>>> print(open('my_file08.cif').read())   # mmCIF, C-alpha atoms
data_final
loop_
_atom_site.label_atom_id
_atom_site.label_comp_id
_atom_site.auth_asym_id
_atom_site.auth_seq_id
_atom_site.Cartn_x
_atom_site.Cartn_y
_atom_site.Cartn_z
CA MET J 1 2.44 31.71 3.53
CA ALA J 2 1.57 28.34 2.05
CA GLY J 3 -1.92 28.00 0.62
CA LYS J 4 -4.33 25.31 1.67
CA PRO J 5 -3.84 21.81 0.28
CA VAL J 6 -5.96 21.18 -2.82
CA LEU J 7 -7.45 17.74 -3.37
CA HIS J 8 -8.08 16.64 -6.97
CA TYR J 9 -10.62 13.81 -7.22
CA PHE J 10 -14.23 13.14 -8.07
CA ASP J 11 -16.94 14.23 -5.65
CA GLY J 12 -17.14 10.99 -3.75
CA ARG J 13 -15.30 8.82 -1.25
CA GLY J 14 -13.25 6.44 -3.40
CA ARG J 15 -9.57 6.49 -2.52
CA MET J 16 -9.49 10.09 -1.38
CA GLU J 17 -11.70 9.75 1.67
CA PRO J 18 -8.90 8.64 4.05
CA VAL J 19 -6.99 11.76 3.01
CA ARG J 20 -9.98 13.97 3.84
CA TRP J 21 -10.32 12.26 7.23
CA LEU J 22 -6.63 12.67 8.06
CA LEU J 23 -6.44 16.33 7.09
CA ALA J 24 -9.64 17.00 9.00
CA ALA J 25 -8.40 15.16 12.09
CA ALA J 26 -5.16 17.17 11.92
CA GLY J 27 -7.24 20.34 11.82
CA VAL J 28 -5.98 21.28 8.37
CA GLU J 29 -8.32 23.21 6.10
CA PHE J 30 -8.30 22.04 2.50
CA GLU J 31 -9.90 22.83 -0.84
CA GLU J 32 -11.24 20.39 -3.38
CA LYS J 33 -11.31 20.51 -7.18
CA PHE J 34 -13.77 17.89 -8.36
CA LEU J 35 -13.30 15.99 -11.60
CA LYS J 36 -16.67 15.97 -13.30
CA THR J 37 -15.91 14.78 -16.83
CA ARG J 38 -13.38 12.67 -18.67
CA ASP J 39 -11.94 15.90 -20.05
CA ASP J 40 -11.18 17.08 -16.53
CA LEU J 41 -9.05 13.97 -15.99
CA GLY J 42 -7.53 14.36 -19.44
CA ARG J 43 -6.50 17.92 -18.66
CA LEU J 44 -4.70 16.89 -15.47
CA ARG J 45 -2.96 14.10 -17.36
CA ASN J 46 -1.91 16.37 -20.21
CA ASP J 47 -0.46 19.11 -18.08
CA GLY J 48 1.86 16.64 -16.34
CA SER J 49 0.19 16.95 -12.95
CA LEU J 50 -0.19 13.21 -12.42
CA VAL J 51 3.04 11.20 -12.16
CA PHE J 52 1.32 7.91 -13.03
CA GLN J 53 -1.70 9.45 -14.81
CA GLN J 54 -3.93 8.67 -11.83
CA VAL J 55 -5.82 10.42 -9.09
CA PRO J 56 -5.93 10.96 -6.10
CA MET J 57 -3.62 13.93 -6.42
CA VAL J 58 -3.00 16.45 -3.66
CA GLU J 59 -1.31 19.79 -4.13
CA ILE J 60 0.52 20.58 -0.92
CA ASP J 61 3.69 22.50 0.00
CA GLY J 62 4.44 23.31 -3.62
CA MET J 63 4.23 19.68 -4.71
CA LYS J 64 1.71 17.55 -6.60
CA LEU J 65 1.49 14.30 -4.65
CA VAL J 66 0.05 11.05 -6.00
CA GLN J 67 -0.34 7.51 -4.58
CA THR J 68 -2.65 7.54 -1.60
CA ARG J 69 -0.16 5.86 0.73
CA ALA J 70 2.53 8.42 0.00
CA ILE J 71 0.04 11.25 0.53
CA LEU J 72 -1.19 9.84 3.85
CA ASN J 73 2.37 9.17 5.09
CA TYR J 74 3.39 12.75 4.28
CA ILE J 75 0.40 14.30 6.02
CA ALA J 76 0.87 12.04 9.03
CA SER J 77 4.57 12.97 9.32
CA LYS J 78 3.91 16.66 8.89
CA TYR J 79 1.15 16.81 11.50
CA ASN J 80 2.68 14.46 14.08
CA LEU J 81 0.32 11.56 13.60
CA TYR J 82 3.05 9.03 12.85
CA GLY J 83 4.42 7.95 16.21
CA LYS J 84 7.60 9.07 17.93
CA ASP J 85 10.20 6.72 16.38
CA MET J 86 10.85 4.10 13.72
CA LYS J 87 9.39 1.22 15.67
CA GLU J 88 6.14 3.05 16.38
CA ARG J 89 5.99 4.00 12.73
CA ALA J 90 6.39 0.33 11.76
CA LEU J 91 3.43 -0.62 13.93
CA ILE J 92 1.35 2.27 12.60
CA ASP J 93 2.21 1.25 9.05
CA MET J 94 1.35 -2.39 9.72
CA TYR J 95 -2.03 -1.46 11.22
CA ALA J 96 -2.79 1.06 8.47
CA GLU J 97 -1.94 -1.49 5.77
CA GLY J 98 -4.42 -3.94 7.29
CA ILE J 99 -7.12 -1.29 7.25
CA ALA J 100 -6.19 -0.42 3.67
CA ASP J 101 -6.62 -4.07 2.64
CA LEU J 102 -10.13 -4.09 4.13
CA ASP J 103 -10.87 -0.66 2.66
CA GLU J 104 -9.91 -1.94 -0.78
CA ILE J 105 -12.94 -4.24 -0.69
CA VAL J 106 -15.20 -1.70 1.05
CA LEU J 107 -14.54 1.25 -1.25
CA HIS J 108 -15.39 -0.87 -4.28
CA GLN J 109 -18.81 -1.93 -3.03
CA PRO J 110 -20.72 0.91 -4.74
CA TYR J 111 -18.89 0.20 -8.01
CA VAL J 112 -19.18 -3.57 -8.11
CA PRO J 113 -21.71 -4.83 -10.74
CA ARG J 114 -25.17 -5.48 -9.31
CA GLU J 115 -24.91 -9.26 -9.64
CA GLU J 116 -21.67 -9.26 -7.64
CA LYS J 117 -22.74 -6.90 -4.87
CA GLU J 118 -24.04 -9.57 -2.53
CA ALA J 119 -20.85 -11.63 -2.75
CA ASN J 120 -18.66 -8.55 -2.21
CA LEU J 121 -20.72 -7.56 0.81
CA ALA J 122 -20.39 -11.06 2.24
CA LYS J 123 -16.63 -10.77 1.80
CA ILE J 124 -16.56 -7.42 3.61
CA LYS J 125 -18.57 -8.80 6.52
CA ASP J 126 -16.42 -11.92 6.77
CA LYS J 127 -13.10 -10.08 6.65
CA ALA J 128 -14.22 -7.34 9.04
CA ARG J 129 -15.79 -9.66 11.61
CA ASN J 130 -13.29 -12.53 11.44
CA ARG J 131 -9.94 -11.04 10.52
CA TYR J 132 -9.51 -7.30 10.87
CA PHE J 133 -11.73 -6.10 13.69
CA PRO J 134 -10.64 -8.92 16.01
CA ALA J 135 -7.01 -8.02 15.30
CA TYR J 136 -7.47 -4.38 16.30
CA GLU J 137 -9.62 -5.28 19.30
CA LYS J 138 -6.77 -7.53 20.42
CA VAL J 139 -4.19 -4.77 20.01
CA LEU J 140 -6.24 -2.40 22.16
CA LYS J 141 -6.86 -5.10 24.74
CA SER J 142 -3.16 -6.03 24.90
CA HIS J 143 -1.98 -2.64 26.13
CA GLY J 144 -5.19 -1.18 27.49
CA GLN J 145 -4.32 2.26 26.12
CA ASP J 146 -6.60 4.77 24.46
CA TYR J 147 -5.00 4.55 21.02
CA LEU J 148 -3.48 1.83 18.89
CA VAL J 149 0.17 2.91 19.13
CA GLY J 150 2.26 4.84 21.62
CA ASN J 151 -0.62 6.01 23.76
CA ARG J 152 -1.51 8.84 21.42
CA LEU J 153 -3.52 9.52 18.30
CA SER J 154 -1.94 8.40 15.03
CA ARG J 155 -3.09 8.01 11.47
CA ALA J 156 -3.85 4.36 12.21
CA ASP J 157 -6.58 5.35 14.68
CA VAL J 158 -8.09 7.87 12.26
CA TYR J 159 -8.15 5.37 9.38
CA LEU J 160 -9.55 2.60 11.57
CA VAL J 161 -12.36 4.80 12.87
CA GLU J 162 -13.24 5.81 9.32
CA LEU J 163 -13.55 2.12 8.39
CA LEU J 164 -15.59 1.33 11.51
CA TYR J 165 -18.18 3.83 10.29
CA HIS J 166 -18.05 2.65 6.68
CA VAL J 167 -18.36 -1.05 7.47
CA GLU J 168 -21.17 -0.37 9.95
CA GLU J 169 -23.10 1.35 7.15
CA LEU J 170 -23.04 -1.96 5.29
CA ASP J 171 -23.27 -4.28 8.31
CA PRO J 172 -25.11 -2.49 11.12
CA SER J 173 -24.37 -5.00 13.89
CA VAL J 174 -20.69 -5.51 13.03
CA LEU J 175 -19.36 -3.77 16.15
CA ALA J 176 -21.52 -5.72 18.59
CA ASN J 177 -18.66 -7.89 19.86
CA PHE J 178 -15.91 -5.28 19.76
CA PRO J 179 -16.33 -3.05 22.83
CA LEU J 180 -12.83 -1.58 22.66
CA LEU J 181 -13.26 -0.62 19.01
CA LYS J 182 -16.55 1.06 19.91
CA ALA J 183 -14.80 2.96 22.69
CA LEU J 184 -11.99 4.01 20.33
CA ARG J 185 -14.52 5.23 17.83
CA THR J 186 -16.32 7.30 20.46
CA ARG J 187 -13.05 8.70 21.78
CA VAL J 188 -11.75 9.70 18.34
CA SER J 189 -15.16 11.00 17.24
CA ASN J 190 -15.21 13.34 20.22
CA LEU J 191 -11.91 15.02 19.36
CA PRO J 192 -12.91 18.56 18.36
CA THR J 193 -11.50 18.35 14.84
CA VAL J 194 -13.09 14.98 14.12
CA LYS J 195 -16.37 15.98 15.77
CA LYS J 196 -16.56 18.92 13.39
CA PHE J 197 -15.81 16.70 10.40
CA LEU J 198 -18.60 14.32 11.41
CA GLN J 199 -21.19 17.06 11.37
CA PRO J 200 -23.36 17.84 8.33
CA GLY J 201 -21.87 20.46 6.05
CA SER J 202 -18.29 19.19 6.36
CA GLN J 203 -16.23 17.87 3.46
CA ARG J 204 -16.92 14.27 4.46
CA LYS J 205 -18.53 12.40 1.58
CA PRO J 206 -21.61 10.13 1.73
CA TYR J 207 -21.79 6.55 0.48
CA GLU J 208 -21.84 6.70 -3.30
CA ASP J 209 -25.36 6.26 -4.68
CA GLU J 210 -26.14 4.88 -8.14
CA LYS J 211 -26.23 8.29 -9.78
CA ARG J 212 -22.81 9.15 -8.35
CA VAL J 213 -21.41 5.78 -9.44
CA GLU J 214 -22.66 6.34 -12.98
CA SER J 215 -21.01 9.75 -13.30
CA VAL J 216 -17.75 8.46 -11.81
CA MET J 217 -17.63 5.53 -14.22
CA LYS J 218 -17.94 8.01 -17.09
CA ILE J 219 -14.86 9.92 -15.94
CA PHE J 220 -12.72 6.81 -15.81
CA SER J 221 -14.11 4.81 -18.72
CA MET K 222 25.46 -8.01 18.23
CA GLU K 223 22.24 -7.81 16.28
CA THR K 224 20.52 -11.01 15.25
CA LYS K 225 19.79 -11.43 11.55
CA PRO K 226 16.31 -10.62 10.28
CA LYS K 227 14.27 -13.77 9.69
CA LEU K 228 11.84 -14.06 6.80
CA TYR K 229 8.86 -16.42 6.86
CA TYR K 230 7.30 -17.11 3.46
CA PHE K 231 6.98 -19.66 0.70
CA ASP K 232 10.08 -20.73 -1.20
CA GLY K 233 9.35 -18.37 -4.06
CA ARG K 234 9.11 -14.70 -4.97
CA GLY K 235 5.59 -13.55 -4.23
CA ILE K 236 5.31 -10.45 -2.11
CA MET K 237 8.42 -11.28 -0.07
CA GLU K 238 10.82 -10.84 -2.99
CA SER K 239 10.96 -7.04 -2.71
CA ILE K 240 12.01 -7.45 0.91
CA ARG K 241 14.79 -9.85 -0.10
CA TRP K 242 15.97 -7.33 -2.70
CA LEU K 243 16.07 -4.46 -0.19
CA LEU K 244 17.95 -6.45 2.45
CA ALA K 245 20.40 -7.76 -0.14
CA ALA K 246 20.99 -4.31 -1.60
CA ALA K 247 21.63 -2.98 1.90
CA GLY K 248 24.20 -5.76 2.41
CA VAL K 249 22.21 -7.27 5.27
CA GLU K 250 22.39 -11.02 5.80
CA PHE K 251 19.05 -12.65 6.53
CA GLU K 252 17.62 -16.05 7.34
CA GLU K 253 14.59 -17.67 5.80
CA GLU K 254 12.03 -20.21 6.95
CA PHE K 255 10.02 -21.59 4.07
CA LEU K 256 6.37 -22.50 4.55
CA GLU K 257 5.73 -25.91 3.09
CA THR K 258 2.89 -27.29 5.18
CA ARG K 259 -0.41 -26.12 6.55
CA GLU K 260 0.82 -27.05 10.05
CA GLN K 261 3.73 -24.58 9.89
CA TYR K 262 1.33 -21.80 8.94
CA GLU K 263 -1.16 -22.70 11.66
CA LYS K 264 1.61 -22.72 14.23
CA LEU K 265 2.65 -19.17 13.26
CA GLN K 266 -0.97 -18.11 13.66
CA LYS K 267 -1.41 -19.84 16.99
CA ASP K 268 1.79 -18.23 18.27
CA GLY K 269 0.18 -14.86 17.53
CA ARG K 270 2.85 -13.74 15.09
CA LEU K 271 0.50 -13.10 12.15
CA ILE K 272 -1.69 -10.18 13.11
CA PHE K 273 -3.88 -10.51 10.01
CA GLU K 274 -3.27 -14.24 9.47
CA GLN K 275 -0.99 -13.39 6.56
CA VAL K 276 2.57 -13.73 5.44
CA PRO K 277 5.07 -12.19 4.61
CA LEU K 278 6.30 -12.15 8.18
CA VAL K 279 9.67 -10.64 9.09
CA GLU K 280 11.10 -10.86 12.56
CA ILE K 281 13.48 -8.00 13.13
CA ASP K 282 14.55 -5.93 16.13
CA GLY K 283 12.22 -7.80 18.45
CA MET K 284 9.14 -7.19 16.27
CA SER K 285 6.96 -9.58 14.28
CA LEU K 286 6.17 -7.40 11.27
CA THR K 287 3.68 -8.28 8.57
CA GLN K 288 2.33 -6.19 5.66
CA SER K 289 5.07 -5.93 3.07
CA ARG K 290 4.91 -2.15 2.64
CA ALA K 291 5.25 -1.63 6.39
CA ILE K 292 8.26 -3.96 6.39
CA LEU K 293 9.85 -2.28 3.37
CA SER K 294 9.42 1.21 4.89
CA TYR K 295 11.01 0.08 8.14
CA LEU K 296 13.97 -1.50 6.36
CA ALA K 297 14.44 1.51 4.09
CA ALA K 298 14.61 3.79 7.12
CA LYS K 299 16.85 1.45 9.10
CA TYR K 300 19.38 1.01 6.30
CA ASN K 301 19.46 4.63 5.11
CA LEU K 302 17.67 4.04 1.85
CA TYR K 303 14.87 6.52 2.51
CA GLY K 304 16.36 9.86 1.48
CA LYS K 305 17.68 12.61 3.70
CA ASP K 306 14.49 14.49 4.59
CA LEU K 307 10.71 14.32 4.52
CA LYS K 308 10.36 15.59 0.94
CA GLU K 309 12.80 12.97 -0.37
CA LYS K 310 11.03 10.30 1.65
CA LEU K 311 7.77 11.42 0.09
CA ARG K 312 9.12 11.06 -3.43
CA ILE K 313 10.50 7.63 -2.58
CA ASP K 314 7.08 6.64 -1.21
CA MET K 315 5.35 7.86 -4.40
CA TYR K 316 7.74 6.05 -6.73
CA THR K 317 7.85 2.77 -4.79
CA ASP K 318 4.09 2.73 -4.34
CA GLY K 319 3.54 3.13 -8.09
CA THR K 320 6.16 0.47 -8.83
CA LEU K 321 4.59 -1.93 -6.33
CA ASP K 322 1.17 -1.41 -7.97
CA LEU K 323 2.70 -2.53 -11.28
CA MET K 324 4.47 -5.51 -9.73
CA LEU K 325 1.37 -6.67 -7.89
CA MET K 326 -0.38 -7.16 -11.23
CA ILE K 327 2.31 -9.65 -12.20
CA ILE K 328 2.63 -11.30 -8.78
CA GLN K 329 -1.09 -11.99 -8.48
CA ALA K 330 -1.44 -13.22 -12.06
CA VAL K 331 0.15 -16.58 -11.38
CA PHE K 332 -2.89 -17.69 -9.38
CA LYS K 333 -5.38 -17.00 -12.18
CA SER K 334 -6.69 -19.27 -14.92
CA PRO K 335 -4.35 -19.59 -17.94
CA LYS K 336 -6.41 -17.16 -20.04
CA GLU K 337 -6.75 -14.56 -17.24
CA LYS K 338 -3.07 -14.95 -16.43
CA GLU K 339 -2.05 -14.08 -19.99
CA GLU K 340 -4.42 -11.11 -19.98
CA SER K 341 -2.94 -9.88 -16.69
CA TYR K 342 0.60 -10.22 -17.99
CA ALA K 343 -0.31 -8.36 -21.19
CA LEU K 344 -1.92 -5.57 -19.18
CA ALA K 345 1.12 -5.33 -16.90
CA VAL K 346 3.44 -4.99 -19.90
CA LYS K 347 1.15 -2.36 -21.40
CA ARG K 348 1.02 -0.38 -18.13
CA ALA K 349 4.77 -0.61 -17.81
CA LYS K 350 5.31 0.74 -21.33
CA THR K 351 2.65 3.43 -21.32
CA ARG K 352 2.35 4.54 -17.72
CA TYR K 353 5.18 3.57 -15.36
CA PHE K 354 8.35 3.44 -17.46
CA PRO K 355 7.58 6.74 -19.21
CA ALA K 356 7.10 8.32 -15.77
CA PHE K 357 10.48 7.11 -14.51
CA GLU K 358 12.25 7.97 -17.78
CA LYS K 359 10.87 11.49 -17.38
CA ILE K 360 12.05 11.71 -13.77
CA LEU K 361 15.58 10.64 -14.69
CA LYS K 362 15.61 13.03 -17.62
CA GLY K 363 14.34 15.86 -15.43
CA HIS K 364 17.29 15.93 -13.04
CA GLY K 365 19.89 14.03 -15.06
CA GLU K 366 21.16 12.27 -11.96
CA ASP K 367 22.16 8.64 -11.52
CA PHE K 368 19.47 7.80 -8.99
CA LEU K 369 15.77 8.54 -8.78
CA VAL K 370 15.87 10.67 -5.62
CA GLY K 371 18.47 12.86 -3.95
CA ASN K 372 21.45 11.76 -6.04
CA GLN K 373 22.01 8.66 -3.93
CA LEU K 374 20.79 5.05 -3.87
CA SER K 375 17.37 4.64 -2.26
CA TRP K 376 14.62 2.06 -1.94
CA ALA K 377 13.02 3.62 -5.05
CA ASP K 378 15.96 2.60 -7.26
CA ILE K 379 16.04 -0.95 -5.92
CA GLN K 380 12.27 -1.35 -6.32
CA LEU K 381 12.38 -0.02 -9.89
CA LEU K 382 15.21 -2.35 -10.90
CA GLU K 383 13.30 -5.32 -9.54
CA ALA K 384 10.20 -4.24 -11.51
CA ILE K 385 12.18 -3.72 -14.73
CA LEU K 386 13.65 -7.22 -14.54
CA MET K 387 10.24 -8.69 -13.78
CA VAL K 388 8.59 -7.02 -16.77
CA GLU K 389 11.53 -7.97 -19.02
CA GLU K 390 10.86 -11.60 -18.13
CA LEU K 391 7.43 -11.12 -19.73
CA SER K 392 8.62 -8.99 -22.66
CA ALA K 393 12.35 -8.77 -23.28
CA PRO K 394 12.36 -5.57 -25.41
CA VAL K 395 10.19 -3.58 -23.02
CA LEU K 396 12.93 -0.99 -22.34
CA SER K 397 13.63 -0.33 -26.02
CA ASP K 398 12.07 3.15 -25.95
CA PHE K 399 13.66 4.16 -22.66
CA PRO K 400 17.41 4.86 -22.99
CA LEU K 401 17.78 6.39 -19.55
CA LEU K 402 16.12 3.40 -17.93
CA GLN K 403 18.46 1.10 -19.84
CA ALA K 404 21.45 2.96 -18.44
CA PHE K 405 19.81 3.00 -15.00
CA LYS K 406 19.29 -0.76 -15.12
CA THR K 407 22.96 -1.36 -15.92
CA ARG K 408 24.18 1.09 -13.32
CA ILE K 409 22.05 -0.22 -10.44
CA SER K 410 22.71 -3.85 -11.37
CA ASN K 411 26.42 -3.19 -11.03
CA ILE K 412 26.26 -1.97 -7.46
CA PRO K 413 28.32 -4.67 -5.64
CA THR K 414 25.61 -5.86 -3.24
CA ILE K 415 23.02 -5.98 -5.99
CA LYS K 416 25.41 -7.61 -8.45
CA LYS K 417 26.00 -10.34 -5.89
CA PHE K 418 22.26 -10.81 -5.40
CA LEU K 419 21.78 -11.19 -9.15
CA GLN K 420 24.27 -14.04 -9.33
CA PRO K 421 23.35 -17.73 -8.97
CA GLY K 422 23.52 -19.03 -5.42
CA SER K 423 22.00 -15.91 -3.83
CA GLN K 424 18.69 -15.84 -1.97
CA ARG K 425 16.93 -14.37 -5.01
CA LYS K 426 14.07 -16.62 -6.07
CA PRO K 427 13.19 -17.81 -9.59
CA PRO K 428 9.88 -16.93 -11.30
CA PRO K 429 6.91 -18.87 -9.86
CA ASP K 430 6.03 -22.24 -11.38
CA GLY K 431 3.22 -24.75 -10.95
CA HIS K 432 4.81 -26.26 -7.85
CA TYR K 433 4.96 -22.87 -6.14
CA VAL K 434 1.29 -22.23 -6.87
CA GLU K 435 0.41 -25.68 -5.50
CA VAL K 436 2.28 -25.13 -2.24
CA VAL K 437 0.71 -21.71 -1.66
CA LYS K 438 -2.79 -23.03 -2.31
CA LYS K 439 -2.21 -25.99 0.00
CA VAL K 440 -0.78 -23.93 2.87
CA LEU K 441 -3.38 -21.14 2.64
CA LYS K 442 -6.23 -23.48 1.74
CA TRP K 443 -7.27 -21.48 -1.35
#
>>> encode(input="my_file08.cif", output="structure tokens")
Amino acid sequence: MAGKPVLHYFDGRGRMEPVRWLLAAAGVEFEEKFLKTRDDLGRLRNDGSLVFQQVPMVEIDGMKLVQTRAILNYIASKYNLYGKDMKERALIDMYAEGIADLDEIVLHQPYVPREEKEANLAKIKDKARNRYFPAYEKVLKSHGQDYLVGNRLSRADVYLVELLYHVEELDPSVLANFPLLKALRTRVSNLPTVKKFLQPGSQRKPYEDEKRVESVMKIFS
Amino acid sequence: METKPKLYYFDGRGIMESIRWLLAAAGVEFEEEFLETREQYEKLQKDGRLIFEQVPLVEIDGMSLTQSRAILSYLAAKYNLYGKDLKEKLRIDMYTDGTLDLMLMIIQAVFKSPKEKEESYALAVKRAKTRYFPAFEKILKGHGEDFLVGNQLSWADIQLLEAILMVEELSAPVLSDFPLLQAFKTRISNIPTIKKFLQPGSQRKPPPDGHYVEVVKKVLKW
């Protein structure tokens, strides 16, 4: 019997959080080994566990996977969250890539130098409110279905909902003009696996505070 | 009869180049519409073909696809360049994603100030020599096969060749410590469809120059 997937990363959101969300949504139990020091990272690098010397790394099905996209695609395929055919997969990929572009700015917010934080936050708000959220609202409006693609849950929905929460933390009124996104978030949040993940005590990580940011910077300096 | 894929982008490499490589390697003829004016770009937006207001845009099989990695994945699957099963697909995803990270450093550099551009190029060469090329040399050594995954040509091989040539343009001897990658480069370059693409007169684009940067900035209002 295969063991649980093991996630290797620091104890924080960073680039691993979408992986935690997706595994949780798929109802897959996973373990985490947290990098705490630079030596921890060095050890993983030295024993050949990291193809490109970087984390995230996920041990799953006898393999050591790196590159967040590859990890998410594999999990989505394995747990049927990747549409029913090539064309649905193309749409899911397109939507997920858009979310990833927004997430790239969002996940950096805790780590951006103090004097740049305001500008980065303004960028997040602008891109979320004027480019990305309108695009997904429009997709949902165009077909009137419950999920972004193929009338069923896919990794695009899970990733989008994660970002809706994360952006709202930084911009509390951001969802005011996006009723369909709000409805999607409620719908996905009420799925039993996701509901469980959203409760305290789950493996979901909080927004990185200054202390966390400091310790993370030490690992990667 | 299928219509040819149509690519909408600037007349230059940028993020579209990897898509041109993949189509060419697969032996697929494609058309291109080059963005030269702000009006062309605004028309694409108004027609609703740019979901996130961005190019590259590829029209294929009745879809308007943007996001280069989504496009590349679709093409790889369509033209049998994505391995034979999920585990091979996964390895191809890992390798191409790493390669694209490296290439993005170079692609984005051209828009920076001269000093920052040189720093970016130097960092890209360093990453290639110390992180990415050693990884791929090790993979080739590990199985001793001609291709990166599954003993047959895949998107991963095409992406890596493109990256090697791009880094060599910045630093010609960059492969000097990597004998297997040197052999790989020769081997993949000699595949008939790729050989043809590497010859003058193909749809392969030259490295970006000042004019390219000007056009992009004008069209996207940067």
>>> closest_residue(input="my_file08.cif", among="K:Tyr303, K:Phe273, K:Phe399, K:Phe368", to="chain J", atoms="all atoms listed in the file")
K:Phe273
>>> resolve_selection(input="my_file08.cif", expression="the PyMOL selection byres ((chain K) within 7 of (chain J))", output="PyMOL selection string")
chain K and resi 272-273+287-288+291+295+311+314-315+318-319+352-353+356
>>> resolve_selection(input="my_file08.cif", expression="the PyMOL selection byres ((chain J and resi 7) around 12)", output="PyMOL selection string")
chain J and resi 4-6+8-12+15-20+23+29-35+55-60+63-66+68+71+203
>>> atom_distance(input="my_file08.cif", atom1="CA of Phe231 (chain K)", atom2="CA of Ala345 (chain K)")
23.4 Å
>>> resolve_selection(input="my_file08.cif", expression="the PyMOL selection byres ((chain K and resi 256) around 9)", output="number ranges by chain")
K: 229-232, 254-255, 257-259, 261-262, 436-437, 440
>>> atom_distance(input="my_file08.cif", atom1="CA of Val346 (chain K)", atom2="CA of Ile236 (chain K)")
18.7 Å
>>> residues_around(input="my_file08.cif", residues="Ala76 (chain J)", least_positions_apart="6", cutoff="8 Å", atoms="all atoms listed in the file", output="list in words")
Leu22, Tyr82, Ser154 and Arg155 of chain J
>>> atom_distance(input="my_file08.cif", atom1="CA of Val213 (chain J)", atom2="CA of Asp103 (chain J)")
17.3 Å
>>> residues_around(input="my_file08.cif", residues="Lys123 (chain J)", least_positions_apart="2", cutoff="12 Å", atoms="all atoms listed in the file", output="VMD selection string")
chain J and resid 102 to 106 108 to 109 116 to 121 125 to 131 167 170 to 171
>>> closest_residue(input="my_file08.cif", among="J:Gly62, J:Gly27, J:Gly14, J:Gly83", to="Glu208 (chain J)", atoms="all atoms listed in the file")
J:Gly14
>>> closest_residue(input="my_file08.cif", among="K:Ser397, K:Trp242, K:Glu223, K:His364", to="Gln424 (chain K)", atoms="only C-alpha atoms")
K:Trp242
